[in-house]
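Structure first, commentary second.
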Amino acid sequence: MYLVADINVEICAAKSCKLCTQYCPEANTILYSDEMGKDQGFKYGSAYVAVDRCKGCAQCVWVCDNMAKNNAIKMIMIDQLPKAALTDNITYGEKSTTAVLASPVVG
Amino acid sequence: MSLDYVKFSNGFEKFMPKEYRDMVEHGPFGKKVSVSQVGSFKEVLEEHPMCAGCAMTLFIRLAMVAFPNPEDTITVGTAGCGRLAISQAAIPFVYGNYGDQNGVASGLSRGLRLRFGDKPKDVVVMAGDGGTADIGFQQVLHSWFRKERFTTIMLDNEVYGNTGGQESGMTNRGAVLKMAPLGKKFEKMDMVQMAKVAGCAYVATVVPNNPRRVESVIKKAVLIAREVGSTYIQAYTSCNIEYAIPTDKVMEDAKAVENDRYQFTEYVSEEAKQYLTERYGYKEFLAKPAAAIPNKA
Ligand SMILES: Cc1ncc(C[n+]2csc(CCOP(=O)(O)OP(=O)(O)O)c2C)c(N)n1
Ligand code: SF4
Ligand code: SF4
Ligand code: SF4
């Protein structure tokens, strides 16, 4: 098993600074959705991770903890994530993306 | 090389992978995108085998977002880690023998000018410190003395990363590496000074812990190379494998190295300043209004 980054929507959406997205070494991996968290009353959306692209470096954790000072990201074993975003289930829009969350491991 | 080369041929759209469709429909081609918008559009860089947490990967990613016209850009690379990612993007990539990248880029940029005239086609070389300052040194310097109009970017991880840790001319004096067990005996080469002596119109040093600054220097370097002359960016892009930097400490290391030997520096020739101001509306080089002279008591 291996670790991937998991972003807590409630904690992220309270700040939504979009910093981690700029520091992840991998392209198209930490994405941003204007919609995420709206159902819980948050206005500005949240970052989320396309876990099939995440290499588990935890740089985003450092950025969220130390630069954003928001502690919204944790490293989690991929089979412990109940649902996650995968590239195949992500739709790009004009200025944002949306993701249908699914189980990240097959079987 | 134009917006057309990324589009689907008639009837093929349904056979294209999702990533490709996303790139055509929501990629940066023909639009202005910026680093502050990453995460909201499809980037041209795809998955690649560079190590987890590698700062060089981050720099390459940011550079590709910053290219002013990605649809009119060709990258040139050489042996070393960076090509493993640079080659996996929706931007044509030319790969030659180790160290010949600035020779290849010279021919390429001249050929593009013959073929396309004034329409800008940007050539950007990205190569390691070994590829740039050691093996490719002669071709790099000569392309600068000839004022070839393309951008050279050194991905400086201060080691031969791809082959397991030999010292390069850019390694710091005293650094102990797997294949330099006695420690390097000579100083780090001053390629920035050499670029200035050789007549580059733009020279900058940068570290990827400031993504917006990376974006700004890449844009300036590429634009200036269109008409004014050679441009050179030297980026510290640590190798977390050969320098044993824990991946979640890569940005801390970048900050420490920035403070130690990689402060942001930028040299812009007078001609390049004028060109950026007049052609691209840059405001930062305009003469500042004279400060009020303080009254002397
Ligand atoms: C002519 C030739 N000699 C040697 C090599 C083997 N080789 C591949 S990559 C490399 C070193 C790369 O170091 P650097 O340019 O600093 O890039 P890095 O991998 O550190 O990014 C060498 C020696 C080669 N490919 N071709
Ligand atoms: S750095 Fe933290 S708060 Fe900012 S967008 Fe990323 S997860 Fe959200
Ligand atoms: S762990 Fe690394 S690869 Fe994964 S999302 Fe975070 S920064 Fe990106
Ligand atoms: S060996 Fe070093 S420079 Fe090469 S990909 Fe890995 S961390 Fe990056």
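Ordering of the structure tokens sets the chain letters (A, B, ...); residue numbers start at 1 within each chain; ligands are numbered from 1 in the order shown.
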
All residues having an atom within 10 Å of ligand 2 (only C-alpha atoms and all ligand atoms) as number ranges by chain: A: 5-24, 30-32, 45-49, 60-74; B: 39

Write the residues you've just listed into a file as a short mmCIF file (atom, residue, chain, number, x, y, z; two decimals), in the first residue's frame, and include N, CA and C atoms for each of them.
```cif
data_model
loop_
_atom_site.label_atom_id
_atom_site.label_comp_id
_atom_site.auth_asym_id
_atom_site.auth_seq_id
_atom_site.Cartn_x
_atom_site.Cartn_y
_atom_site.Cartn_z
N ALA A 5 -2.21 12.04 -0.85
CA ALA A 5 -2.69 13.22 -0.12
C ALA A 5 -4.20 13.25 -0.12
N ASP A 6 -4.76 13.65 1.02
CA ASP A 6 -6.21 13.77 1.12
C ASP A 6 -6.53 15.14 1.71
N ILE A 7 -7.37 15.88 1.03
CA ILE A 7 -7.70 17.25 1.48
C ILE A 7 -9.06 17.24 2.15
N ASN A 8 -9.11 17.72 3.37
CA ASN A 8 -10.37 17.81 4.10
C ASN A 8 -11.14 19.03 3.57
N VAL A 9 -12.28 18.75 2.95
CA VAL A 9 -13.03 19.82 2.27
C VAL A 9 -13.46 20.91 3.26
N GLU A 10 -13.94 20.50 4.43
CA GLU A 10 -14.42 21.52 5.37
C GLU A 10 -13.31 22.45 5.82
N ILE A 11 -12.12 21.88 6.06
CA ILE A 11 -11.02 22.75 6.52
C ILE A 11 -10.52 23.60 5.36
N CYS A 12 -10.35 22.98 4.19
CA CYS A 12 -9.84 23.74 3.04
C CYS A 12 -10.80 24.84 2.64
N ALA A 13 -12.10 24.48 2.51
CA ALA A 13 -13.07 25.45 1.98
C ALA A 13 -13.20 26.69 2.86
N ALA A 14 -12.82 26.56 4.13
CA ALA A 14 -12.88 27.74 5.00
C ALA A 14 -11.82 28.76 4.61
N LYS A 15 -10.78 28.30 3.87
CA LYS A 15 -9.69 29.20 3.50
C LYS A 15 -9.54 29.32 1.98
N SER A 16 -9.53 28.15 1.31
CA SER A 16 -9.49 28.13 -0.15
C SER A 16 -8.42 29.01 -0.76
N CYS A 17 -7.19 28.84 -0.33
CA CYS A 17 -6.16 29.79 -0.77
C CYS A 17 -5.52 29.38 -2.09
N LYS A 18 -5.70 28.15 -2.52
CA LYS A 18 -5.15 27.63 -3.78
C LYS A 18 -3.61 27.62 -3.82
N LEU A 19 -2.99 27.59 -2.65
CA LEU A 19 -1.53 27.57 -2.63
C LEU A 19 -0.98 26.19 -2.97
N CYS A 20 -1.55 25.16 -2.36
CA CYS A 20 -1.01 23.80 -2.55
C CYS A 20 -0.96 23.44 -4.02
N THR A 21 -1.96 23.87 -4.76
CA THR A 21 -2.05 23.58 -6.19
C THR A 21 -0.82 24.10 -6.93
N GLN A 22 -0.28 25.21 -6.46
CA GLN A 22 0.86 25.81 -7.15
C GLN A 22 2.19 25.16 -6.77
N TYR A 23 2.18 24.34 -5.73
CA TYR A 23 3.43 23.75 -5.25
C TYR A 23 3.52 22.24 -5.46
N CYS A 24 2.43 21.62 -5.87
CA CYS A 24 2.50 20.17 -6.13
C CYS A 24 3.38 19.97 -7.35
N ILE A 30 -3.44 18.32 -7.98
CA ILE A 30 -4.31 19.00 -7.02
C ILE A 30 -5.17 19.95 -7.84
N LEU A 31 -6.45 19.66 -7.88
CA LEU A 31 -7.36 20.47 -8.70
C LEU A 31 -8.26 21.27 -7.79
N TYR A 32 -9.01 22.12 -8.42
CA TYR A 32 -9.81 23.04 -7.64
C TYR A 32 -11.25 23.00 -8.14
N GLY A 45 -15.44 27.12 -2.49
CA GLY A 45 -14.94 25.88 -3.08
C GLY A 45 -13.71 25.34 -2.37
N SER A 46 -13.19 24.23 -2.90
CA SER A 46 -12.10 23.53 -2.21
C SER A 46 -11.12 22.92 -3.22
N ALA A 47 -9.91 22.69 -2.75
CA ALA A 47 -8.95 21.92 -3.53
C ALA A 47 -9.23 20.43 -3.29
N TYR A 48 -8.87 19.58 -4.23
CA TYR A 48 -8.97 18.13 -4.04
C TYR A 48 -7.87 17.46 -4.86
N VAL A 49 -7.62 16.18 -4.57
CA VAL A 49 -6.48 15.48 -5.19
C VAL A 49 -6.98 14.39 -6.15
N CYS A 60 2.53 19.08 -0.48
CA CYS A 60 1.31 19.87 -0.29
C CYS A 60 0.97 19.97 1.19
N VAL A 61 1.27 18.92 1.95
CA VAL A 61 1.00 18.95 3.39
C VAL A 61 1.84 20.05 4.03
N TRP A 62 3.11 20.10 3.64
CA TRP A 62 4.00 21.13 4.17
C TRP A 62 3.48 22.52 3.81
N VAL A 63 3.06 22.67 2.57
CA VAL A 63 2.59 24.00 2.12
C VAL A 63 1.33 24.40 2.88
N CYS A 64 0.38 23.48 3.02
CA CYS A 64 -0.86 23.84 3.72
C CYS A 64 -0.58 24.11 5.21
N ASP A 65 0.27 23.30 5.83
CA ASP A 65 0.56 23.50 7.26
C ASP A 65 1.37 24.78 7.50
N ASN A 66 2.41 25.00 6.69
CA ASN A 66 3.37 26.05 7.00
C ASN A 66 3.15 27.36 6.25
N MET A 67 2.66 27.28 5.04
CA MET A 67 2.45 28.54 4.29
C MET A 67 1.00 29.01 4.45
N ALA A 68 0.05 28.10 4.19
CA ALA A 68 -1.36 28.49 4.34
C ALA A 68 -1.77 28.50 5.81
N LYS A 69 -1.01 27.79 6.63
CA LYS A 69 -1.32 27.62 8.06
C LYS A 69 -2.76 27.15 8.27
N ASN A 70 -3.12 26.13 7.50
CA ASN A 70 -4.51 25.67 7.57
C ASN A 70 -4.66 24.17 7.87
N ASN A 71 -3.59 23.40 7.80
CA ASN A 71 -3.61 21.96 8.18
C ASN A 71 -4.79 21.18 7.59
N ALA A 72 -5.04 21.40 6.30
CA ALA A 72 -6.19 20.72 5.69
C ALA A 72 -5.81 19.41 5.01
N ILE A 73 -4.51 19.12 4.86
CA ILE A 73 -4.10 17.96 4.06
C ILE A 73 -3.41 16.92 4.94
N LYS A 74 -3.79 15.66 4.76
CA LYS A 74 -3.14 14.56 5.49
C LYS A 74 -2.76 13.50 4.47
N GLY B 39 -4.89 24.18 -11.49
CA GLY B 39 -5.93 23.46 -10.75
C GLY B 39 -7.30 23.70 -11.34
#
```

Residues of chain B within 10 Å of chain A, counting only C-alpha atoms, as a ChimeraX atom specification: /B:17-19,22-23,25-27,35-48,50-62,64-65,85,208-212,246-252

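Taking CA of Gly130 in chain B and CA of Ser216 in chain B as the two end points, the separation is 25.3 Å.
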
Surrounding residues as a ChimeraX atom specification, ligand 1, max 7 Å, only C-alpha atoms and all ligand atoms: /B:79-82,97-98,127-132,155-163,168

Write a file of the selected residues as a compact mmCIF listing (two decimals), in the first residue's frame, keeping C-alpha atoms.
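Output below, filename result19.txt:
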```txt
# COMPACT_ATOMS: atom_id res chain seq x y z
CA ALA B 79 20.26 13.53 -21.28
CA GLY B 80 19.42 14.05 -17.61
CA CYS B 81 16.36 13.83 -15.40
CA GLY B 82 14.42 16.78 -16.80
CA ASN B 97 22.95 13.83 -27.93
CA TYR B 98 24.10 14.74 -24.47
CA ALA B 127 18.88 20.94 -19.49
CA GLY B 128 20.62 19.92 -16.29
CA ASP B 129 23.66 21.58 -14.77
CA GLY B 130 25.87 18.79 -16.14
CA GLY B 131 24.32 19.17 -19.59
CA THR B 132 24.66 22.96 -19.53
CA LEU B 155 17.83 22.95 -14.17
CA ASP B 156 20.52 23.15 -11.51
CA ASN B 157 20.30 20.32 -9.00
CA GLU B 158 24.04 20.67 -8.35
CA VAL B 159 24.71 17.03 -9.28
CA TYR B 160 24.40 14.49 -12.08
CA GLY B 161 21.11 13.18 -10.76
CA ASN B 162 20.15 10.85 -13.57
CA THR B 163 23.33 8.79 -13.32
CA SER B 168 29.23 18.74 -11.79
```

DSSP-assigned strand (DSSP E) members of range 1-89 of chain A, reported as JSON, numbers by chain: {"A": [3, 4, 5, 6, 7, 30, 31, 32, 33, 46, 47, 48, 49, 73, 74, 75, 76, 77]}

9 Å contact set for Tyr262 in chain B, only C-alpha atoms, chain neighbours under 3 positions out, as a list in words: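 Within the cut-off, the hits are Thr205, Val206, Val207, Ala235, Tyr236, Ala254, Lys255, Ala256, Val257, Glu258, Asn259 and Thr265 of chain B.
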
Pick from B:Met170, B:Val268, B:Val197, B:Ile241, whichever lies nearest to ligand 4 using only C-alpha atoms and all ligand atoms: B:Ile241

Atomic separation - CA of Lys220 in chain B relative to CA of Phe285 in chain B, Å: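 So the answer is 12.2 Å.
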